[in-house]
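Take a look at the structure below.
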Amino acid sequence: MGIEPRIQKRQSLTKTCAKCHLSTSTDDFAPTHSIFYEDHLLPICNSCVDEYLREHDYSWDAIDKLC
C-alpha cells in the first residue's frame, strides 16, 4: 500500500473574449487586480489586447484604459 500524492490538477476553464467573441482557455486572458472583474482576468483575450496596443502604438493612455 503506497502513498498517493495529492496533486491538484488545474482545471482548464474557458472564457469568451468581449472583443472577438471567441471562447478560449482562461490561460489566454491576462490577470488583473481590478475589483471590476470578479474572476480577476481581463475580459479581452491576450491576442485582442496585443492588437489593441499595436493600434495605439503601446501608449500609456491605451494601457491605462485596459487596466
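In the C-alpha cells, each chain is lettered A, B, ... as it comes, each chain's residues begin at 1, and ligands are numbered from 1 in order of appearance.
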Let's see if you can do this: from backbone DSSP, list all alpha helix (DSSP H) residues in chain A, as a ChimeraX atom specification.
/A:46-55,60-66
So which residues touch range 21-31 of chain A within 9 Å, counting only C-alpha atoms, skipping near sequence neighbours fewer than 6 positions away, as a list in words?
Ser12, Leu13, Thr14, Lys15, Asp39, His40, Leu41, Leu42, Pro43, Ile44, Cys45, Asn46, Ser47 and Val49 of chain A
Writing out the chosen residues with C-alpha atoms as a PDB file, in the first residue's frame:
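selection_21.pdb written:
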```pdb
ATOM      1  CA  SER A  12      -8.977  24.091 -17.948  1.00  0.00           C
ATOM      2  CA  LEU A  13     -11.737  26.656 -17.903  1.00  0.00           C
ATOM      3  CA  THR A  14     -12.902  28.658 -20.864  1.00  0.00           C
ATOM      4  CA  LYS A  15     -13.905  32.276 -21.179  1.00  0.00           C
ATOM      5  CA  ASP A  39     -12.621  36.294 -11.925  1.00  0.00           C
ATOM      6  CA  HIS A  40      -9.539  38.592 -11.778  1.00  0.00           C
ATOM      7  CA  LEU A  41      -8.985  38.265 -15.537  1.00  0.00           C
ATOM      8  CA  LEU A  42      -9.306  40.940 -18.201  1.00  0.00           C
ATOM      9  CA  PRO A  43     -12.440  40.471 -20.328  1.00  0.00           C
ATOM     10  CA  ILE A  44     -10.362  40.737 -23.518  1.00  0.00           C
ATOM     11  CA  CYS A  45      -8.079  37.880 -24.661  1.00  0.00           C
ATOM     12  CA  ASN A  46      -4.328  38.402 -24.968  1.00  0.00           C
ATOM     13  CA  SER A  47      -4.490  38.421 -28.785  1.00  0.00           C
ATOM     14  CA  VAL A  49      -5.030  43.142 -26.120  1.00  0.00           C
TER      15      VAL A  49
END
```
Work out how far apart CA of Ile63 in chain A and CA of Ala18 in chain A are and give it in Å to one decimal.
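Going from CA of Ile63 in chain A over to CA of Ala18 in chain A, I get 16.8 Å.
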For CA of Cys17 in chain A and CA of Glu55 in chain A, the interatomic separation in Å (one decimal)
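For CA of Cys17 in chain A relative to CA of Glu55 in chain A, the distance reads 18.1 Å.
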Atom-to-atom span, CA of Glu51 in chain A and CA of Lys65 in chain A, Å
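Between these atoms lies a distance of 14.2 Å.
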According to DSSP computed on the backbone, where in range 7-59 of chain A is there strand (DSSP E or B)? Give the residues as JSON, numbers by chain.
{"A": [14, 15, 16, 23, 24, 25, 29, 30, 31, 41, 42, 43, 44, 45]}
